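J.: Have a peek at start14.txt (compact mmCIF, C-alpha atoms).
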```
# COMPACT_ATOMS: atom_id res chain seq x y z
CA MET A 1 -9.88 -3.60 -9.06
CA LEU A 2 -7.00 -4.98 -7.06
CA LEU A 3 -9.21 -4.79 -3.98
CA SER A 4 -11.67 -7.24 -5.52
CA ARG A 5 -8.91 -9.70 -6.39
CA ILE A 6 -7.02 -9.69 -3.08
CA GLY A 7 -9.53 -8.24 -0.66
CA ALA A 8 -12.16 -10.90 -1.29
CA ALA A 9 -9.71 -13.66 -0.55
CA VAL A 10 -7.94 -12.01 2.34
CA ALA A 11 -10.87 -10.05 3.78
CA VAL A 12 -8.77 -6.92 4.20
CA GLY A 13 -7.42 -4.08 2.08
CA THR A 14 -4.49 -3.58 -0.20
CA ALA A 15 -0.95 -2.52 0.25
CA VAL A 16 2.71 -2.24 -1.02
CA VAL A 17 6.16 -3.78 -2.10
CA ILE A 18 10.07 -3.62 -2.08
CA GLY A 19 13.59 -2.20 -2.64
CA ALA A 20 17.16 -3.43 -2.52
CA SER A 21 20.78 -3.13 -3.57
CA PRO A 22 22.28 -5.01 -6.53
CA ALA A 23 23.51 -7.73 -4.17
CA LEU A 24 19.99 -8.39 -2.97
CA ALA A 25 18.71 -9.31 -6.40
CA ALA A 26 21.29 -12.06 -6.55
CA THR A 27 20.56 -13.35 -3.05
CA GLY A 28 17.01 -14.38 -3.87
CA TRP A 29 13.73 -14.41 -1.97
CA THR A 30 13.05 -16.71 0.98
CA ILE A 31 10.01 -17.13 3.23
CA ALA A 32 10.33 -15.99 6.87
CA PRO A 33 7.24 -17.52 8.57
CA PRO A 34 5.29 -15.01 10.70
CA PRO A 35 2.54 -15.62 13.31
CA PRO A 36 -0.30 -16.31 13.62
CA THR A 37 -1.32 -19.41 11.66
CA GLY A 38 -4.82 -20.86 11.53
CA GLN A 39 -6.46 -17.52 12.37
CA ASN A 40 -7.57 -16.40 8.90
CA ALA A 41 -4.95 -13.68 9.06
CA ALA A 42 -3.22 -11.56 6.42
CA PHE A 43 -0.68 -8.79 6.15
CA THR A 44 -1.41 -5.69 4.08
CA ALA A 45 1.64 -3.49 4.69
CA VAL A 46 5.22 -3.44 5.96
CA THR A 47 7.71 -0.75 6.98
CA THR A 48 11.35 -0.84 8.11
CA THR A 49 13.83 1.48 9.81
CA SER A 50 16.73 -1.01 9.81
CA ASP A 51 17.50 -4.70 9.32
CA SER A 52 16.51 -5.27 12.96
CA ASN A 53 13.34 -3.20 13.09
CA ALA A 54 10.32 -3.80 10.85
CA TRP A 55 6.55 -3.73 11.34
CA ALA A 56 3.91 -5.67 9.39
CA VAL A 57 0.19 -4.98 9.79
CA GLY A 58 -3.13 -6.40 8.62
CA SER A 59 -5.98 -8.30 10.27
CA GLU A 60 -6.80 -11.66 11.84
CA ASN A 61 -9.84 -13.74 12.85
CA ALA A 62 -11.96 -12.33 10.06
CA GLU A 63 -15.12 -14.09 8.94
CA LEU A 64 -15.59 -14.60 5.21
CA ASN A 65 -17.39 -11.23 5.00
CA GLY A 66 -14.74 -9.50 7.11
CA VAL A 67 -16.87 -9.15 10.23
CA GLY A 68 -15.07 -9.76 13.51
CA ALA A 69 -11.58 -9.03 12.18
CA LYS A 70 -9.04 -7.71 14.65
CA ALA A 71 -6.05 -5.51 13.95
CA LEU A 72 -2.88 -7.56 13.45
CA ILE A 73 0.62 -6.22 14.10
CA ASP A 74 3.88 -8.21 13.91
CA HIS A 75 7.41 -7.02 14.66
CA TRP A 76 10.72 -8.13 13.14
CA ASN A 77 13.69 -7.90 15.55
CA GLY A 78 16.43 -8.95 13.17
CA SER A 79 15.96 -12.69 13.53
CA ALA A 80 12.23 -13.51 13.71
CA TRP A 81 8.69 -12.16 13.44
CA SER A 82 6.58 -11.99 16.62
CA GLN A 83 2.99 -10.87 17.17
CA VAL A 84 2.50 -7.70 19.22
CA ALA A 85 -0.52 -6.77 21.35
CA THR A 86 -2.95 -4.28 19.79
CA PRO A 87 -5.32 -1.94 21.64
CA ALA A 88 -9.10 -2.27 21.69
CA THR A 89 -10.79 -0.36 18.87
CA PRO A 90 -14.17 1.46 18.89
CA GLY A 91 -15.91 -1.16 16.71
CA ASN A 92 -16.06 -4.94 16.88
CA THR A 93 -14.25 -5.16 13.54
CA ALA A 94 -10.92 -3.58 12.63
CA SER A 95 -8.21 -3.93 10.00
CA LEU A 96 -5.02 -2.07 9.17
CA ALA A 97 -4.13 -1.05 5.62
CA ALA A 98 -0.83 0.82 5.93
CA VAL A 99 2.11 1.35 8.29
CA SER A 100 5.10 3.69 8.41
CA ALA A 101 7.87 4.22 10.97
CA SER A 102 10.43 7.00 11.40
CA SER A 103 12.37 5.35 14.25
CA THR A 104 12.26 2.51 16.78
CA THR A 105 10.07 4.69 19.03
CA ASP A 106 7.75 6.24 16.43
CA ALA A 107 5.41 4.41 14.04
CA TRP A 108 1.89 4.81 12.69
CA ALA A 109 -0.54 2.17 11.42
CA VAL A 110 -3.84 3.19 9.83
CA GLY A 111 -6.99 1.47 8.63
CA ARG A 112 -10.60 1.24 9.70
CA THR A 113 -12.84 0.17 12.52
CA GLN A 114 -16.57 -0.52 12.38
CA VAL A 115 -19.55 -2.22 13.92
CA ASN A 116 -20.11 -5.36 11.85
CA ARG A 117 -19.89 -4.04 8.27
CA GLU A 118 -21.52 -0.68 8.91
CA ASP A 119 -20.46 2.68 10.32
CA PHE A 120 -16.93 2.69 8.92
CA GLU A 121 -14.56 4.95 10.85
CA PRO A 122 -10.91 5.85 10.23
CA LEU A 123 -8.46 4.17 12.60
CA ALA A 124 -4.93 5.28 13.49
CA LEU A 125 -2.64 3.46 15.92
CA HIS A 126 0.61 4.92 17.26
CA TRP A 127 3.75 3.16 18.55
CA ASN A 128 5.76 5.09 21.15
CA GLY A 129 8.50 2.55 21.71
CA ALA A 130 6.59 0.64 24.38
CA ALA A 131 3.01 0.05 23.19
CA TRP A 132 0.47 0.73 20.46
CA SER A 133 -2.45 3.06 21.25
CA VAL A 134 -5.48 4.49 19.41
CA SER A 135 -5.21 8.12 18.27
CA SER A 136 -8.76 9.45 18.44
CA SER A 137 -8.08 12.69 16.53
CA ALA A 138 -7.52 10.76 13.29
CA ALA A 139 -11.17 9.67 13.23
CA THR A 140 -12.21 13.34 13.23
CA ALA A 141 -9.58 14.53 10.75
CA LEU A 142 -10.47 11.83 8.21
CA ALA A 143 -14.20 11.56 9.00
CA GLY A 144 -16.16 10.30 6.00
CA GLN A 145 -13.33 8.15 4.69
CA ILE A 146 -11.27 5.10 5.60
CA ALA A 147 -7.60 5.65 6.37
CA ASP A 148 -5.67 3.76 3.69
CA GLY A 149 -2.20 5.33 3.62
CA VAL A 150 0.35 6.91 5.96
CA THR A 151 3.89 8.29 5.82
CA ASP A 152 5.79 8.95 9.05
CA ILE A 153 8.43 11.65 8.52
CA SER A 154 9.28 12.30 12.17
CA ALA A 155 7.74 12.22 15.64
CA THR A 156 6.16 15.62 14.95
CA ASP A 157 5.33 15.27 11.26
CA ALA A 158 3.25 12.57 9.57
CA TYR A 159 0.56 12.47 6.89
CA ALA A 160 -2.39 10.08 6.46
CA ILE A 161 -4.83 9.78 3.59
CA GLY A 162 -8.41 8.56 3.47
CA GLY A 163 -10.04 6.83 0.57
CA GLY A 164 -11.85 3.66 -0.39
CA LEU A 165 -15.19 2.76 1.13
CA GLY A 166 -16.07 6.05 2.80
CA SER A 167 -19.00 8.42 2.42
CA ALA A 168 -17.00 11.37 1.08
CA ASN A 169 -16.72 11.65 -2.71
CA THR A 170 -13.13 12.90 -2.51
CA GLY A 171 -10.00 11.64 -0.84
CA LEU A 172 -8.96 13.34 2.39
CA VAL A 173 -5.55 14.28 3.83
CA ALA A 174 -4.60 14.73 7.49
CA GLN A 175 -1.36 15.82 9.17
CA TRP A 176 0.10 14.87 12.57
CA ASN A 177 1.95 17.67 14.38
CA GLY A 178 3.18 15.68 17.37
CA THR A 179 -0.01 16.26 19.36
CA ALA A 180 -3.05 15.68 17.13
CA TRP A 181 -4.23 14.95 13.60
CA SER A 182 -5.91 17.78 11.63
CA ARG A 183 -7.48 18.02 8.18
CA VAL A 184 -5.34 19.42 5.38
CA THR A 185 -6.96 21.17 2.42
CA VAL A 186 -5.66 19.86 -0.90
CA PRO A 187 -6.66 20.79 -4.47
CA GLN A 188 -8.96 18.57 -6.50
CA PRO A 189 -7.90 17.02 -9.82
CA SER A 190 -10.79 18.65 -11.70
CA SER A 191 -13.56 21.18 -11.17
CA ASP A 192 -16.43 18.96 -12.30
CA GLY A 193 -17.31 17.79 -8.76
CA LEU A 194 -17.05 14.12 -9.68
CA ASN A 195 -15.57 11.43 -7.45
CA SER A 196 -11.87 11.27 -6.69
CA ASN A 197 -9.90 8.95 -4.46
CA LEU A 198 -6.46 8.85 -2.81
CA ASP A 199 -4.62 5.52 -2.83
CA ALA A 200 -1.02 5.83 -1.60
CA ILE A 201 1.38 8.33 -0.01
CA SER A 202 5.15 8.62 0.47
CA ALA A 203 7.69 11.30 1.43
CA SER A 204 11.43 11.82 1.23
CA GLY A 205 11.23 14.59 3.85
CA PRO A 206 8.99 17.35 5.25
CA ASN A 207 9.19 19.35 2.01
CA ASP A 208 8.69 16.51 -0.47
CA VAL A 209 5.44 14.55 -0.07
CA TRP A 210 3.63 12.75 -2.90
CA ILE A 211 0.14 11.21 -3.09
CA VAL A 212 -1.36 9.24 -5.98
CA GLY A 213 -5.04 8.63 -6.64
CA THR A 214 -7.77 8.38 -9.23
CA TYR A 215 -10.56 10.67 -10.43
CA GLU A 216 -13.59 10.43 -12.69
CA ASP A 217 -13.01 12.14 -16.02
CA GLU A 218 -16.16 13.26 -17.84
CA ILE A 219 -15.71 12.35 -21.50
CA SER A 220 -19.41 12.49 -22.33
CA SER A 221 -22.77 12.46 -20.56
CA THR A 222 -22.57 8.66 -20.37
CA PHE A 223 -18.82 8.01 -20.17
CA PHE A 224 -16.95 8.77 -16.91
CA PRO A 225 -13.72 6.75 -16.93
CA ASN A 226 -11.23 6.79 -14.06
CA GLU A 227 -7.83 8.37 -14.62
CA THR A 228 -4.81 8.64 -12.36
CA TYR A 229 -3.40 11.83 -10.82
CA SER A 230 -0.90 12.95 -8.18
CA LEU A 231 -0.61 15.58 -5.45
CA HIS A 232 2.68 17.12 -4.33
CA TRP A 233 3.67 19.08 -1.20
CA ASN A 234 6.82 21.19 -1.66
CA GLY A 235 6.97 22.56 1.87
CA SER A 236 4.61 25.47 1.25
CA THR A 237 1.91 24.45 -1.24
CA TRP A 238 -0.07 21.40 -2.33
CA SER A 239 -0.50 21.14 -6.09
CA VAL A 240 -2.04 18.74 -8.58
CA VAL A 241 0.65 17.22 -10.82
CA PRO A 242 -0.79 15.66 -14.00
CA MET A 243 0.04 12.08 -14.89
CA PRO A 244 -0.13 10.58 -18.40
CA LEU A 245 -3.69 9.71 -19.40
CA VAL A 246 -3.75 5.95 -19.74
CA GLY A 247 -7.06 6.13 -21.54
CA SER A 248 -9.44 3.53 -22.96
CA SER A 249 -12.65 3.56 -24.94
CA ASN A 250 -13.98 0.69 -22.84
CA VAL A 251 -16.39 1.92 -20.13
CA ASN A 252 -15.20 -0.89 -17.83
CA ALA A 253 -11.52 0.02 -18.04
CA PHE A 254 -9.70 0.86 -14.80
CA PHE A 255 -6.33 2.38 -13.90
CA GLN A 256 -4.95 2.70 -10.40
CA PHE A 257 -1.80 3.04 -8.33
CA ASN A 258 -1.47 0.97 -5.17
CA SER A 259 1.92 2.22 -3.94
CA ILE A 260 4.34 5.11 -4.31
CA GLN A 261 7.98 5.50 -3.27
CA VAL A 262 9.64 8.92 -3.03
CA ASN A 263 13.42 8.70 -3.13
CA SER A 264 14.17 12.36 -3.86
CA PRO A 265 12.56 15.36 -5.57
CA THR A 266 13.79 13.97 -8.88
CA ASP A 267 13.16 10.26 -8.34
CA VAL A 268 9.67 8.92 -7.56
CA TRP A 269 8.06 5.60 -8.54
CA ALA A 270 4.35 4.69 -8.58
CA VAL A 271 3.06 1.18 -9.26
CA GLY A 272 -0.35 -0.40 -9.75
CA ASP A 273 -2.44 -2.04 -12.44
CA ARG A 274 -4.69 -1.40 -15.39
CA GLY A 275 -7.18 -3.40 -17.40
CA VAL A 276 -10.80 -4.08 -18.25
CA THR A 277 -11.41 -7.08 -15.99
CA ASP A 278 -9.52 -8.39 -12.96
CA SER A 279 -8.52 -11.53 -14.81
CA SER A 280 -6.95 -9.53 -17.64
CA SER A 281 -5.26 -6.76 -15.69
CA SER A 282 -1.63 -5.85 -16.30
CA THR A 283 1.08 -4.02 -14.38
CA LEU A 284 1.31 -0.21 -14.46
CA ILE A 285 4.48 1.71 -13.49
CA GLU A 286 5.21 5.43 -13.77
CA HIS A 287 8.31 7.45 -12.88
CA TRP A 288 8.79 11.12 -11.89
CA ASN A 289 12.15 12.59 -12.96
CA GLY A 290 11.73 16.02 -11.39
CA LYS A 291 9.91 17.46 -14.39
CA ALA A 292 7.19 15.04 -15.49
CA TRP A 293 5.61 11.64 -14.97
CA SER A 294 6.10 9.00 -17.66
CA ILE A 295 4.85 5.44 -18.11
CA VAL A 296 7.68 2.90 -17.89
CA PRO A 297 7.21 -0.50 -19.62
CA SER A 298 6.94 -3.40 -17.17
CA PRO A 299 6.50 -7.18 -17.40
CA ALA A 300 2.95 -8.49 -16.98
CA PRO A 301 3.14 -12.29 -16.69
CA GLY A 302 0.22 -14.70 -16.70
CA SER A 303 -3.39 -13.94 -17.57
CA GLY A 304 -3.61 -11.09 -15.06
CA SER A 305 -1.03 -9.24 -12.97
CA ASP A 306 -1.06 -6.42 -10.40
CA LEU A 307 1.60 -4.47 -8.51
CA THR A 308 0.85 -3.56 -4.91
CA GLY A 309 4.08 -2.04 -3.61
CA VAL A 310 7.37 -0.44 -4.48
CA THR A 311 10.58 0.47 -2.63
CA THR A 312 14.21 1.24 -3.29
CA SER A 313 17.54 1.10 -1.53
CA ASN A 314 20.17 3.81 -1.63
CA ALA A 315 20.89 2.93 -5.24
CA ALA A 316 18.78 4.84 -7.78
CA ASN A 317 19.26 2.01 -10.28
CA ASP A 318 17.89 -0.68 -7.96
CA VAL A 319 14.14 -0.63 -7.32
CA TRP A 320 11.77 -3.43 -6.36
CA ALA A 321 8.05 -3.81 -7.04
CA VAL A 322 5.85 -6.66 -5.80
CA GLY A 323 2.33 -7.97 -6.23
CA LEU A 324 0.67 -11.00 -7.76
CA TYR A 325 -0.15 -12.66 -11.04
CA ASP A 326 -2.50 -15.40 -12.22
CA PRO A 327 -0.63 -18.17 -14.06
CA THR A 328 -2.20 -18.86 -17.42
CA GLY A 329 -5.16 -21.18 -16.93
CA SER A 330 -5.34 -20.60 -13.15
CA ALA A 331 -7.22 -18.20 -10.89
CA GLN A 332 -4.88 -18.83 -7.93
CA GLY A 333 -2.75 -15.70 -7.59
CA GLN A 334 0.97 -16.23 -7.08
CA THR A 335 3.71 -13.90 -5.83
CA LEU A 336 5.24 -11.46 -8.31
CA THR A 337 8.49 -9.52 -7.83
CA LEU A 338 10.02 -7.13 -10.37
CA ASN A 339 13.42 -5.43 -10.24
CA TRP A 340 14.54 -2.20 -11.91
CA ASN A 341 18.21 -2.47 -12.84
CA GLY A 342 18.62 1.10 -14.03
CA THR A 343 17.59 0.27 -17.57
CA ALA A 344 14.54 -2.00 -17.51
CA TRP A 345 12.10 -3.81 -15.23
CA VAL A 346 12.65 -7.58 -15.13
CA THR A 347 10.80 -10.41 -13.39
CA VAL A 348 12.65 -12.10 -10.51
CA ALA A 349 11.65 -15.55 -9.23
CA SER A 350 9.86 -15.60 -5.86
CA PRO A 351 8.49 -18.48 -3.74
CA ASN A 352 4.87 -19.30 -2.92
CA ALA A 353 3.75 -20.55 0.46
CA SER A 354 0.99 -23.04 -0.33
CA SER A 355 -0.99 -24.85 -2.99
CA GLY A 356 -3.60 -22.09 -2.76
CA PHE A 357 -2.96 -18.46 -3.56
CA SER A 358 0.15 -16.57 -2.44
CA VAL A 359 0.10 -12.79 -2.90
CA LEU A 360 2.31 -9.90 -1.86
CA ASP A 361 0.65 -6.74 -0.61
CA SER A 362 3.58 -4.56 0.44
CA VAL A 363 7.35 -4.19 0.46
CA ALA A 364 9.90 -2.05 2.29
CA THR A 365 13.57 -1.57 3.02
CA THR A 366 15.87 1.10 4.41
CA PRO A 367 18.64 2.78 2.40
CA GLY A 368 21.84 0.85 2.99
CA ALA A 369 20.04 -2.10 4.58
CA ALA A 370 20.85 -5.71 3.71
CA ILE A 371 17.26 -7.00 3.88
CA VAL A 372 14.16 -6.23 1.82
CA GLN A 373 10.90 -7.19 3.52
CA ALA A 374 7.76 -8.15 1.55
CA VAL A 375 4.45 -9.24 3.08
CA GLY A 376 1.03 -10.52 2.03
CA ALA A 377 -1.06 -13.64 2.51
CA SER A 378 -1.41 -17.23 1.36
CA GLY A 379 -3.94 -20.06 1.55
CA ALA A 380 -7.59 -20.13 0.56
CA SER A 381 -10.50 -17.74 1.01
CA GLY A 382 -11.57 -17.83 4.65
CA ALA A 383 -8.45 -19.72 5.72
CA THR A 384 -5.48 -17.47 5.06
CA ASN A 385 -2.13 -17.17 6.78
CA PRO A 386 0.14 -14.11 6.79
CA LEU A 387 3.04 -14.35 4.36
CA ALA A 388 6.45 -12.69 4.84
CA MET A 389 9.40 -12.95 2.45
CA GLN A 390 12.90 -11.53 2.58
CA ASN A 391 15.58 -10.76 0.03
CA GLY A 392 19.02 -10.43 1.61
```
Could you write out this structure as structure tokens?
T.:
Amino acid sequence: MLLSRIGAAVAVGTAVVIGASPALAATGWTIAPPPPTGQNAAFTAVTTTSDSNAWAVGSENAELNGVGAKALIDHWNGSAWSQVATPATPGNTASLAAVSASSTTDAWAVGRTQVNREDFEPLALHWNGAAWSVSSSAATALAGQIADGVTDISATDAYAIGGGLGSANTGLVAQWNGTAWSRVTVPQPSSDGLNSNLDAISASGPNDVWIVGTYEDEISSTFFPNETYSLHWNGSTWSVVPMPLVGSSNVNAFFQFNSIQVNSPTDVWAVGDRGVTDSSSSTLIEHWNGKAWSIVPSPAPGSGSDLTGVTTSNAANDVWAVGLYDPTGSAQGQTLTLNWNGTAWVTVASPNASSGFSVLDSVATTPGAAIVQAVGASGASGATNPLAMQNG
């Protein structure tokens, strides 16, 4: 449901949010203007390897229906954002949904490319320290889905997931071995053959990879609600790890995670939203403690609120989550940032860029870093500008 709230306005996908140290919470959020402006552009994801190396991705020059969009990539060098050249893609329309970097010379950005609004194809771009290029093997490995998540562990180990608007009825997983992408077989959340989807991926290392998604749960012959689930790679086996059933008797209810952050085998956070309608959605946060997932209470301001990203610093008691909320009586989404102080999630004030909507789609930081980066979009439908904020 988050896709309908943000995607319609921004004409792209969804993404993630933030992390920091206790000092960062006190510093406050400020806007760091990124290019381009006036190009109906938006960011959907951000990644960092240090305070002087961050990437933000999304799309620009999109028509109201998304046709004609071009992949957008900006780089942060420690003092300013600058737009970076992107390679030609197979279709006349392209957008990026996720990005992850393991070093200054190794980064992946994934999304989709298509002709007009048909023939969707997975898209993966790689940064080698000098230029971005298209990796054609990703389109084969994730065929039937749209690439919507990636985690870059090292130059010879990365994972990408496919989900969303594809033709396959299950989410797909692919792995990069330093030379090519190949399909990875993962277990399904149930044996009923119903639809399942993968939404976000994160890793703390090659033997600790987590994916969150949703699946249709058959309650009766006429009631197939979505529920959340997770997949875990322990270095030798993929397994389905149950998550608490959120549950609702309303056939229109939805539950989803938009971002996941793996800090260690005993510390994982997943954030998203739940509700019956977009305008009445509320935040959803769950935590893995090494033994089980549990729902953690979180603020849900306004008439509707969603979380799109999560990240942490090197302090287990300092976690950030970002997204958007609709102020009571308004349909113009505004930025939302939450901080975990080791005991509870609390709302932290964040700026908005314009009189229209201002939303955050992703957040990232590096353990020990002084800056937390959060990105999204602001403006009005069909006339958006990328939005970048920093804490620190």
J.: What's around Trp210 (chain A) at 6 Å? Count all atoms listed in the file, leave out sequence neighbours fewer than 4 positions away in its own chain, and write the answer as an mmCIF file with C-alpha atoms, in the frame of the given file.
T.:
```
data_model
loop_
_atom_site.group_PDB
_atom_site.id
_atom_site.type_symbol
_atom_site.label_atom_id
_atom_site.label_comp_id
_atom_site.auth_asym_id
_atom_site.auth_seq_id
_atom_site.Cartn_x
_atom_site.Cartn_y
_atom_site.Cartn_z
ATOM 1 C CA ILE A 201 1.380 8.330 -0.010
ATOM 2 C CA SER A 202 5.150 8.620 0.470
ATOM 3 C CA LEU A 231 -0.610 15.580 -5.450
ATOM 4 C CA HIS A 232 2.680 17.120 -4.330
#
```
J.: Every residue with an atom at most 9 Å from (1.8, -2.3, -14.3) (file coordinates; all atoms listed in the file) is what I'm after, so could you write them as a list in words?
T.: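 With a cut-off of 9 Å, the residues come to Phe257, Val271, Gly272, Asp273, Arg274, Ser281, Ser282, Thr283, Leu284, Ile285, Glu286, Val296, Pro297, Ser298, Pro299, Ala300, Ser305, Asp306 and Leu307 of chain A.
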J.: Would you pick out the contacts of Trp340 (chain A) at 6 Å or less, using all atoms listed in the file, so that residues sharing its chain but fewer than 2 positions from it are not included, and give the list as a list in words?
T.: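 Final neighbour list, sorted by chain and number: Asp318, Val319, Gly342, Ala344 and Trp345 of chain A.
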J.: Taking into account all atoms listed in the file, which residue in the set A:Ala101, A:Val262, A:Ala388, A:Met243 is nearest to Val372 (chain A)?
T.: A:Ala388
J.: Please, what distance in Å, to one decimal, runs between CA of Gly193 (chain A) and CA of Trp233 (chain A)?
T.: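 About the pair CA of Gly193 (chain A) and CA of Trp233 (chain A): they are 22.3 Å apart.
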J.: Which residue out of A:Ser59, A:Gln334, A:Thr156, A:Lys70 has the minimum interatomic distance to Ala180 (chain A) when all atoms listed in the file are used?
T.: A:Thr156
J.: So the first atom is CA of Gln390 (chain A) and the second is CA of Trp108 (chain A); what is the distance between them in Å, to one decimal place?
T.: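 Result for CA of Gln390 (chain A) versus CA of Trp108 (chain A): 22.1 Å, one decimal.
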